[in-house]
Amino acid sequence: MKKSDFDYILLLLKRYAGWDLTTDNYFLIDNKIYGLVCEKGYASSDDLIQELRLGQKSMLWQVIEALTFSETYFFRDYPVFKSFEKIILPRIREVNRSSKKLRIWSLGCSTGQETYSIGMSIADNLPAVSDWNVNILGTDISSPAITKAQKGIYTPLEVQMGLNIKQIIKHFHKEGNNWAVNQDISNNIKFLRYNLLEYLSNVEPFDIIFCRYVLNYFTPEKQRELIAKIHSYNVPAGFLYLGLHEKIDGLEEYYDAIPGMPCLYQAKLKPQNITKNRENLDNVPNAMPTLQRPSIKNIH
């Protein structure tokens, strides 16, 4: 791919997807563009880029979807899910006992493995919430990824990435040579195509938001804007999971890190109202009480 074409793609990705990519990503982008060229039957990448330059929006979004950088598998970063199952879910069960509601958002869900992992965690660790209103939303910018997630069908290789045989047998059933998620898990899950640069409408605030390995593709300025947006979708003192070792600009203005629990943060009330006295949370209706901060090494 010519440098001028590569720079043009970077410009489009920044404008329409918010991604801050550099020449370090050249070979990855070049390979994915080549795959799209072959899939669509273009003679070369020059022809595809020319169509982009003519303002073909449908092709633009196909390019963005083709360049979605997604690595996903079931129960990715298992210590994260272990703390989620053993500490956070029981905590929320107590806090939401009267409302009997649980709202979770899997943001940047790719082909659905993270979202279904959340559903399996709830089924296995909160059997007492069978009469609750449980809603898990999975969103991603890629239409093909969302289509696959909605089907909930995975190859033998895909289910073996993160799941043991007991989990596969309990939560999946055979569909041809593949494995399909059981209905008792999928009933509580909804998938939507969603661009984080847009607004998510008609949703209640979420108790927990998973936004792992998504924000690191954006500029620091855009990260600050997006973390404020994500905070607005959390219930007061709700929780946010980021990816391992992600450093997000502006995060500390909206969230407190929870020591000993990988990638977990608790939402501050409102930036303009934050004080060092966290006891103010006790006076907020429907607020999630500030989490007691156990060490991950104490989780068995």
# chains A, B, ... in the order shown; residues from 1 in each chain; ligands from 1
>>> residues_around(residues="Glu94 of chain A", least_positions_apart="6", cutoff="12 Å", atoms="only C-alpha atoms", output="PyMOL selection string")
chain A and resi 87-88+100-102+126+128-129+288-289
>>> select_by_dssp(residues="segment 86-161 of chain A", states="alpha helix (DSSP H)", output="MDAnalysis selection string")
chainID A and resid 89:95 113:125 143:151 156:160
>>> residues_around(residues="Ser186 of chain A", least_positions_apart="2", cutoff="10 Å", atoms="only C-alpha atoms", output="number ranges by chain")
A: 115-116, 119-120, 136, 150-152, 171, 180-184, 188-190
>>> write_last_selection(atoms="N, CA and C atoms", output="PDB file, in the first residue's frame")
ATOM      1  N   THR A 115     -19.188 -11.429  26.438  1.00  0.00           N
ATOM      2  CA  THR A 115     -20.566 -11.237  26.884  1.00  0.00           C
ATOM      3  C   THR A 115     -21.173 -12.536  27.381  1.00  0.00           C
ATOM      4  N   TYR A 116     -20.970 -13.613  26.656  1.00  0.00           N
ATOM      5  CA  TYR A 116     -21.477 -14.910  27.107  1.00  0.00           C
ATOM      6  C   TYR A 116     -20.740 -15.399  28.350  1.00  0.00           C
ATOM      7  N   GLY A 119     -22.541 -13.899  31.160  1.00  0.00           N
ATOM      8  CA  GLY A 119     -23.788 -14.630  31.398  1.00  0.00           C
ATOM      9  C   GLY A 119     -23.555 -15.949  32.113  1.00  0.00           C
ATOM     10  N   MET A 120     -22.524 -16.680  31.729  1.00  0.00           N
ATOM     11  CA  MET A 120     -22.213 -17.949  32.395  1.00  0.00           C
ATOM     12  C   MET A 120     -21.777 -17.725  33.838  1.00  0.00           C
ATOM     13  N   ILE A 136     -27.944  -8.121  30.012  1.00  0.00           N
ATOM     14  CA  ILE A 136     -26.547  -7.971  29.611  1.00  0.00           C
ATOM     15  C   ILE A 136     -26.540  -7.484  28.169  1.00  0.00           C
ATOM     16  N   GLN A 150     -24.741 -12.659  17.905  1.00  0.00           N
ATOM     17  CA  GLN A 150     -26.181 -12.903  18.020  1.00  0.00           C
ATOM     18  C   GLN A 150     -26.523 -14.371  17.775  1.00  0.00           C
ATOM     19  N   LYS A 151     -25.810 -15.000  16.868  1.00  0.00           N
ATOM     20  CA  LYS A 151     -26.055 -16.423  16.598  1.00  0.00           C
ATOM     21  C   LYS A 151     -25.604 -17.290  17.766  1.00  0.00           C
ATOM     22  N   GLY A 152     -24.526 -16.886  18.439  1.00  0.00           N
ATOM     23  CA  GLY A 152     -24.040 -17.645  19.583  1.00  0.00           C
ATOM     24  C   GLY A 152     -23.543 -19.031  19.243  1.00  0.00           C
ATOM     25  N   HIS A 171     -23.226 -25.375  29.346  1.00  0.00           N
ATOM     26  CA  HIS A 171     -23.780 -24.138  28.806  1.00  0.00           C
ATOM     27  C   HIS A 171     -23.936 -24.120  27.284  1.00  0.00           C
ATOM     28  N   ALA A 180     -23.451 -24.343  20.237  1.00  0.00           N
ATOM     29  CA  ALA A 180     -24.337 -23.181  20.363  1.00  0.00           C
ATOM     30  C   ALA A 180     -24.626 -22.909  21.838  1.00  0.00           C
ATOM     31  N   VAL A 181     -24.649 -21.632  22.204  1.00  0.00           N
ATOM     32  CA  VAL A 181     -24.933 -21.228  23.584  1.00  0.00           C
ATOM     33  C   VAL A 181     -26.363 -21.610  23.945  1.00  0.00           C
ATOM     34  N   ASN A 182     -26.557 -22.163  25.131  1.00  0.00           N
ATOM     35  CA  ASN A 182     -27.890 -22.555  25.577  1.00  0.00           C
ATOM     36  C   ASN A 182     -28.780 -21.336  25.799  1.00  0.00           C
ATOM     37  N   GLN A 183     -30.076 -21.567  25.653  1.00  0.00           N
ATOM     38  CA  GLN A 183     -31.035 -20.468  25.709  1.00  0.00           C
ATOM     39  C   GLN A 183     -31.106 -19.819  27.088  1.00  0.00           C
ATOM     40  N   ASP A 184     -30.884 -20.583  28.150  1.00  0.00           N
ATOM     41  CA  ASP A 184     -30.963 -19.986  29.481  1.00  0.00           C
ATOM     42  C   ASP A 184     -29.883 -18.920  29.688  1.00  0.00           C
ATOM     43  N   ASN A 188     -30.868 -13.645  28.480  1.00  0.00           N
ATOM     44  CA  ASN A 188     -30.604 -12.402  29.210  1.00  0.00           C
ATOM     45  C   ASN A 188     -29.657 -11.468  28.465  1.00  0.00           C
ATOM     46  N   ILE A 189     -29.306 -11.827  27.232  1.00  0.00           N
ATOM     47  CA  ILE A 189     -28.269 -11.094  26.511  1.00  0.00           C
ATOM     48  C   ILE A 189     -28.830 -10.504  25.217  1.00  0.00           C
ATOM     49  N   LYS A 190     -28.444  -9.265  24.952  1.00  0.00           N
ATOM     50  CA  LYS A 190     -28.822  -8.588  23.712  1.00  0.00           C
ATOM     51  C   LYS A 190     -27.563  -8.000  23.088  1.00  0.00           C
TER      52      LYS A 190
END
>>> residues_around(residues="Trp61 of chain A", least_positions_apart="5", cutoff="10 Å", atoms="only C-alpha atoms", output="MDAnalysis selection string")
chainID A and resid 13 16:17 52 56 66:67 141:143
>>> write_last_selection(atoms="N, CA and C atoms", output="PDB file, in the first residue's frame")
ATOM      1  N   LEU A  13      -9.963   6.644   9.674  1.00  0.00           N
ATOM      2  CA  LEU A  13     -10.179   5.913  10.915  1.00  0.00           C
ATOM      3  C   LEU A  13     -10.264   6.865  12.108  1.00  0.00           C
ATOM      4  N   TYR A  16     -13.808   8.902  11.678  1.00  0.00           N
ATOM      5  CA  TYR A  16     -15.083   8.192  11.789  1.00  0.00           C
ATOM      6  C   TYR A  16     -15.129   7.137  12.893  1.00  0.00           C
ATOM      7  N   ALA A  17     -13.967   6.649  13.327  1.00  0.00           N
ATOM      8  CA  ALA A  17     -13.953   5.654  14.404  1.00  0.00           C
ATOM      9  C   ALA A  17     -13.239   6.165  15.637  1.00  0.00           C
ATOM     10  N   LEU A  52     -12.911   4.731  -1.799  1.00  0.00           N
ATOM     11  CA  LEU A  52     -13.012   5.471  -0.541  1.00  0.00           C
ATOM     12  C   LEU A  52     -12.893   6.971  -0.789  1.00  0.00           C
ATOM     13  N   GLN A  56     -17.525   6.844  -0.835  1.00  0.00           N
ATOM     14  CA  GLN A  56     -18.456   5.722  -0.695  1.00  0.00           C
ATOM     15  C   GLN A  56     -18.547   5.313   0.781  1.00  0.00           C
ATOM     16  N   ALA A  66     -13.448  -4.190   8.866  1.00  0.00           N
ATOM     17  CA  ALA A  66     -12.362  -5.121   8.538  1.00  0.00           C
ATOM     18  C   ALA A  66     -11.131  -4.852   9.385  1.00  0.00           C
ATOM     19  N   LEU A  67     -10.949  -3.596   9.801  1.00  0.00           N
ATOM     20  CA  LEU A  67      -9.768  -3.213  10.566  1.00  0.00           C
ATOM     21  C   LEU A  67      -9.999  -3.258  12.067  1.00  0.00           C
ATOM     22  N   ILE A 141     -18.505  -2.183  17.189  1.00  0.00           N
ATOM     23  CA  ILE A 141     -18.593  -1.376  15.972  1.00  0.00           C
ATOM     24  C   ILE A 141     -18.725  -2.234  14.728  1.00  0.00           C
ATOM     25  N   SER A 142     -18.358  -3.523  14.830  1.00  0.00           N
ATOM     26  CA  SER A 142     -18.330  -4.412  13.661  1.00  0.00           C
ATOM     27  C   SER A 142     -19.647  -5.158  13.487  1.00  0.00           C
ATOM     28  N   SER A 143     -20.305  -4.934  12.361  1.00  0.00           N
ATOM     29  CA  SER A 143     -21.548  -5.653  12.068  1.00  0.00           C
ATOM     30  C   SER A 143     -21.343  -7.166  11.951  1.00  0.00           C
TER      31      SER A 143
END
>>> closest_atom_pairs(of="segment 31-119 of chain A", to="segment 214-237 of chain A", cutoff="12 Å", atoms="only C-alpha atoms", output="CSV")
residue,atom,partner,partner_atom,distance
A:Leu67,CA,A:Tyr217,CA,11.9
A:Thr68,CA,A:Val214,CA,10.1
A:Phe69,CA,A:Val214,CA,8.9
A:Ser70,CA,A:Val214,CA,8.9
A:Glu71,CA,A:Val214,CA,10.8
A:Thr72,CA,A:Val214,CA,11.9
A:Ile92,CA,A:Ala237,CA,11.2
A:Val95,CA,A:Ala237,CA,11.3
A:Asn96,CA,A:Val235,CA,11.6
A:Leu102,CA,A:Val235,CA,10.9
A:Arg103,CA,A:Val235,CA,9.4
A:Ile104,CA,A:Asn234,CA,9.4
A:Trp105,CA,A:Tyr233,CA,9.3
A:Ser106,CA,A:Val214,CA,10.9
A:Leu107,CA,A:Val214,CA,8.0
A:Gly108,CA,A:Val214,CA,6.3
A:Cys109,CA,A:Val214,CA,9.4
A:Ser110,CA,A:Val214,CA,10.3
>>> write_last_selection(atoms="N, CA and C atoms", output="PDB file, in the first residue's frame")
ATOM      1  N   LEU A  67     -10.949  -3.596   9.801  1.00  0.00           N
ATOM      2  CA  LEU A  67      -9.768  -3.213  10.566  1.00  0.00           C
ATOM      3  C   LEU A  67      -9.999  -3.258  12.067  1.00  0.00           C
ATOM      4  N   THR A  68     -11.160  -3.732  12.493  1.00  0.00           N
ATOM      5  CA  THR A  68     -11.416  -3.855  13.927  1.00  0.00           C
ATOM      6  C   THR A  68     -10.373  -4.780  14.534  1.00  0.00           C
ATOM      7  N   PHE A  69      -9.672  -4.261  15.550  1.00  0.00           N
ATOM      8  CA  PHE A  69      -8.583  -5.021  16.160  1.00  0.00           C
ATOM      9  C   PHE A  69      -9.140  -5.791  17.346  1.00  0.00           C
ATOM     10  N   SER A  70      -9.549  -7.008  17.101  1.00  0.00           N
ATOM     11  CA  SER A  70     -10.219  -7.757  18.169  1.00  0.00           C
ATOM     12  C   SER A  70      -9.552  -9.105  18.387  1.00  0.00           C
ATOM     13  N   GLU A  71      -9.117  -9.306  19.615  1.00  0.00           N
ATOM     14  CA  GLU A  71      -8.676 -10.628  20.056  1.00  0.00           C
ATOM     15  C   GLU A  71      -9.584 -10.993  21.211  1.00  0.00           C
ATOM     16  N   THR A  72     -10.287 -12.082  21.070  1.00  0.00           N
ATOM     17  CA  THR A  72     -11.245 -12.413  22.108  1.00  0.00           C
ATOM     18  C   THR A  72     -11.327 -13.913  22.298  1.00  0.00           C
ATOM     19  N   ILE A  92     -23.135  -6.942  44.444  1.00  0.00           N
ATOM     20  CA  ILE A  92     -24.269  -6.335  43.751  1.00  0.00           C
ATOM     21  C   ILE A  92     -25.571  -7.046  44.116  1.00  0.00           C
ATOM     22  N   VAL A  95     -26.666  -5.313  47.235  1.00  0.00           N
ATOM     23  CA  VAL A  95     -27.051  -3.911  47.021  1.00  0.00           C
ATOM     24  C   VAL A  95     -28.380  -3.814  46.279  1.00  0.00           C
ATOM     25  N   ASN A  96     -28.581  -4.694  45.296  1.00  0.00           N
ATOM     26  CA  ASN A  96     -29.783  -4.634  44.450  1.00  0.00           C
ATOM     27  C   ASN A  96     -30.874  -5.616  44.893  1.00  0.00           C
ATOM     28  N   LEU A 102     -30.244  -6.302  37.522  1.00  0.00           N
ATOM     29  CA  LEU A 102     -28.810  -6.352  37.274  1.00  0.00           C
ATOM     30  C   LEU A 102     -28.570  -5.950  35.827  1.00  0.00           C
ATOM     31  N   ARG A 103     -27.784  -4.876  35.628  1.00  0.00           N
ATOM     32  CA  ARG A 103     -27.503  -4.353  34.299  1.00  0.00           C
ATOM     33  C   ARG A 103     -25.993  -4.394  34.060  1.00  0.00           C
ATOM     34  N   ILE A 104     -25.577  -5.040  32.975  1.00  0.00           N
ATOM     35  CA  ILE A 104     -24.155  -5.133  32.640  1.00  0.00           C
ATOM     36  C   ILE A 104     -23.976  -4.814  31.158  1.00  0.00           C
ATOM     37  N   TRP A 105     -22.943  -4.046  30.853  1.00  0.00           N
ATOM     38  CA  TRP A 105     -22.633  -3.667  29.472  1.00  0.00           C
ATOM     39  C   TRP A 105     -21.260  -4.215  29.098  1.00  0.00           C
ATOM     40  N   SER A 106     -21.218  -5.010  28.048  1.00  0.00           N
ATOM     41  CA  SER A 106     -19.971  -5.514  27.484  1.00  0.00           C
ATOM     42  C   SER A 106     -19.673  -4.679  26.242  1.00  0.00           C
ATOM     43  N   LEU A 107     -18.810  -3.675  26.398  1.00  0.00           N
ATOM     44  CA  LEU A 107     -18.561  -2.665  25.368  1.00  0.00           C
ATOM     45  C   LEU A 107     -17.338  -3.090  24.563  1.00  0.00           C
ATOM     46  N   GLY A 108     -17.513  -3.215  23.259  1.00  0.00           N
ATOM     47  CA  GLY A 108     -16.436  -3.759  22.431  1.00  0.00           C
ATOM     48  C   GLY A 108     -16.398  -5.265  22.555  1.00  0.00           C
ATOM     49  N   CYS A 109     -17.574  -5.875  22.403  1.00  0.00           N
ATOM     50  CA  CYS A 109     -17.743  -7.297  22.714  1.00  0.00           C
ATOM     51  C   CYS A 109     -17.234  -8.222  21.624  1.00  0.00           C
ATOM     52  N   SER A 110     -16.870  -7.675  20.467  1.00  0.00           N
ATOM     53  CA  SER A 110     -16.395  -8.484  19.345  1.00  0.00           C
ATOM     54  C   SER A 110     -17.435  -9.547  19.002  1.00  0.00           C
TER      55      SER A 110
END
>>> select_by_dssp(residues="segment 94-158 of chain A", states="strand (DSSP E or B)", output="compact mmCIF listing (two decimals) with C-alpha atoms, in the first residue's frame")
# COMPACT_ATOMS: atom_id res chain seq x y z
CA LYS A 101 -32.24 -5.76 38.75
CA LEU A 102 -28.81 -6.35 37.27
CA ARG A 103 -27.50 -4.35 34.30
CA ILE A 104 -24.16 -5.13 32.64
CA TRP A 105 -22.63 -3.67 29.47
CA SER A 106 -19.97 -5.51 27.48
CA LEU A 107 -18.56 -2.66 25.37
CA ASN A 133 -34.47 -8.82 35.82
CA VAL A 134 -31.00 -9.50 34.40
CA ASN A 135 -29.95 -7.65 31.26
CA ILE A 136 -26.55 -7.97 29.61
CA LEU A 137 -25.83 -5.78 26.59
CA GLY A 138 -23.01 -6.53 24.16
CA THR A 139 -22.01 -3.85 21.65
CA ASP A 140 -19.35 -3.59 18.97
CA ILE A 153 -22.47 -20.49 17.60
CA TYR A 154 -18.79 -21.28 17.96
>>> closest_residue(among="A:Ile185, A:Ile248, A:Val80, A:Ile146", to="Ile122 of chain A", atoms="only C-alpha atoms")
A:Ile185
>>> closest_residue(among="A:His245, A:Tyr73, A:Asn187, A:Arg15", to="Ser130 of chain A", atoms="only C-alpha atoms")
A:Asn187
>>> residues_around(residues="segment 77-79 of chain A", least_positions_apart="4", cutoff="9 Å", atoms="only C-alpha atoms", output="list in words")
Ser83, Phe84, Gly162, Gly243, Leu244, Met261, Pro262 and Ile296 of chain A
>>> closest_residue(among="A:Phe74, A:Glu253, A:Thr147, A:Thr111", to="Ile168 of chain A", atoms="only C-alpha atoms")
A:Phe74
>>> residues_around(residues="segment 255-257 of chain A", least_positions_apart="4", cutoff="9 Å", atoms="only C-alpha atoms", output="compact mmCIF listing (two decimals) with N, CA and C atoms, in the first residue's frame")
# COMPACT_ATOMS: atom_id res chain seq x y z
N HIS A 231 -18.76 6.92 32.02
CA HIS A 231 -19.15 7.20 33.41
C HIS A 231 -20.62 7.58 33.49
N ALA A 237 -21.46 5.04 41.76
CA ALA A 237 -20.56 4.10 42.43
C ALA A 237 -20.60 2.71 41.80
N PHE A 239 -19.35 -0.04 38.68
CA PHE A 239 -18.02 -0.57 38.42
C PHE A 239 -17.68 -0.55 36.93
N LEU A 240 -16.39 -0.40 36.67
CA LEU A 240 -15.85 -0.42 35.32
C LEU A 240 -14.64 -1.34 35.27
N GLY A 250 -7.59 10.74 31.87
CA GLY A 250 -8.81 11.25 32.48
C GLY A 250 -9.54 10.25 33.36
N LEU A 251 -9.03 9.02 33.44
CA LEU A 251 -9.74 7.99 34.20
C LEU A 251 -9.91 8.37 35.67
N MET A 261 -7.50 -5.73 42.82
CA MET A 261 -8.46 -6.32 41.90
C MET A 261 -8.14 -5.83 40.50
N CYS A 263 -7.71 -4.35 37.05
CA CYS A 263 -8.47 -3.61 36.05
C CYS A 263 -9.82 -3.11 36.53
N LEU A 264 -10.10 -3.14 37.81
CA LEU A 264 -11.43 -2.78 38.31
C LEU A 264 -11.41 -1.38 38.90
N TYR A 265 -12.45 -0.60 38.54
CA TYR A 265 -12.56 0.78 39.00
C TYR A 265 -13.99 1.02 39.45
N GLN A 266 -14.13 1.96 40.42
CA GLN A 266 -15.46 2.29 40.92
C GLN A 266 -15.77 3.74 40.58
N ALA A 267 -16.97 3.96 40.07
CA ALA A 267 -17.35 5.29 39.59
C ALA A 267 -17.48 6.28 40.74
N LYS A 268 -16.89 7.44 40.55
CA LYS A 268 -17.12 8.55 41.46
C LYS A 268 -18.51 9.13 41.15
N LEU A 269 -19.04 9.92 42.06
CA LEU A 269 -20.40 10.42 41.86
C LEU A 269 -20.47 11.35 40.67
>>> decode(residues="segment 135-187 of chain A", atoms="C-alpha atoms", output="tab-separated table (two decimals), in the first residue's frame")
chain	number	residue	atom	x	y	z
A	135	ASN	CA	-29.95	-7.65	31.26
A	136	ILE	CA	-26.55	-7.97	29.61
A	137	LEU	CA	-25.83	-5.78	26.59
A	138	GLY	CA	-23.01	-6.53	24.16
A	139	THR	CA	-22.01	-3.85	21.65
A	140	ASP	CA	-19.35	-3.59	18.97
A	141	ILE	CA	-18.59	-1.38	15.97
A	142	SER	CA	-18.33	-4.41	13.66
A	143	SER	CA	-21.55	-5.65	12.07
A	144	PRO	CA	-20.08	-9.09	11.17
A	145	ALA	CA	-18.88	-9.52	14.75
A	146	ILE	CA	-22.31	-8.65	16.14
A	147	THR	CA	-24.01	-11.01	13.69
A	148	LYS	CA	-21.82	-13.87	14.89
A	149	ALA	CA	-22.41	-12.92	18.53
A	150	GLN	CA	-26.18	-12.90	18.02
A	151	LYS	CA	-26.05	-16.42	16.60
A	152	GLY	CA	-24.04	-17.65	19.58
A	153	ILE	CA	-22.47	-20.49	17.60
A	154	TYR	CA	-18.79	-21.28	17.96
A	155	THR	CA	-16.35	-23.77	16.48
A	156	PRO	CA	-14.73	-26.48	18.61
A	157	LEU	CA	-11.52	-24.45	18.59
A	158	GLU	CA	-13.31	-21.31	19.75
A	159	VAL	CA	-15.04	-22.99	22.71
A	160	GLN	CA	-11.79	-24.64	23.75
A	161	MET	CA	-10.21	-21.19	24.08
A	162	GLY	CA	-11.07	-20.38	27.69
A	163	LEU	CA	-13.66	-23.08	28.48
A	164	ASN	CA	-13.21	-26.48	30.07
A	165	ILE	CA	-15.25	-29.51	29.10
A	166	LYS	CA	-17.58	-29.12	32.09
A	167	GLN	CA	-18.49	-25.56	31.09
A	168	ILE	CA	-18.98	-26.56	27.46
A	169	ILE	CA	-21.34	-29.40	28.31
A	170	LYS	CA	-23.27	-27.31	30.85
A	171	HIS	CA	-23.78	-24.14	28.81
A	172	PHE	CA	-23.67	-25.27	25.15
A	173	HIS	CA	-25.30	-27.81	22.91
A	174	LYS	CA	-24.11	-29.33	19.67
A	175	GLU	CA	-25.27	-27.76	16.43
A	176	GLY	CA	-23.73	-29.71	13.59
A	177	ASN	CA	-19.99	-29.69	14.13
A	178	ASN	CA	-20.18	-26.54	16.26
A	179	TRP	CA	-21.39	-25.52	19.72
A	180	ALA	CA	-24.34	-23.18	20.36
A	181	VAL	CA	-24.93	-21.23	23.58
A	182	ASN	CA	-27.89	-22.56	25.58
A	183	GLN	CA	-31.03	-20.47	25.71
A	184	ASP	CA	-30.96	-19.99	29.48
A	185	ILE	CA	-27.77	-17.94	28.97
A	186	SER	CA	-28.70	-16.13	25.75
A	187	ASN	CA	-32.17	-15.11	27.03
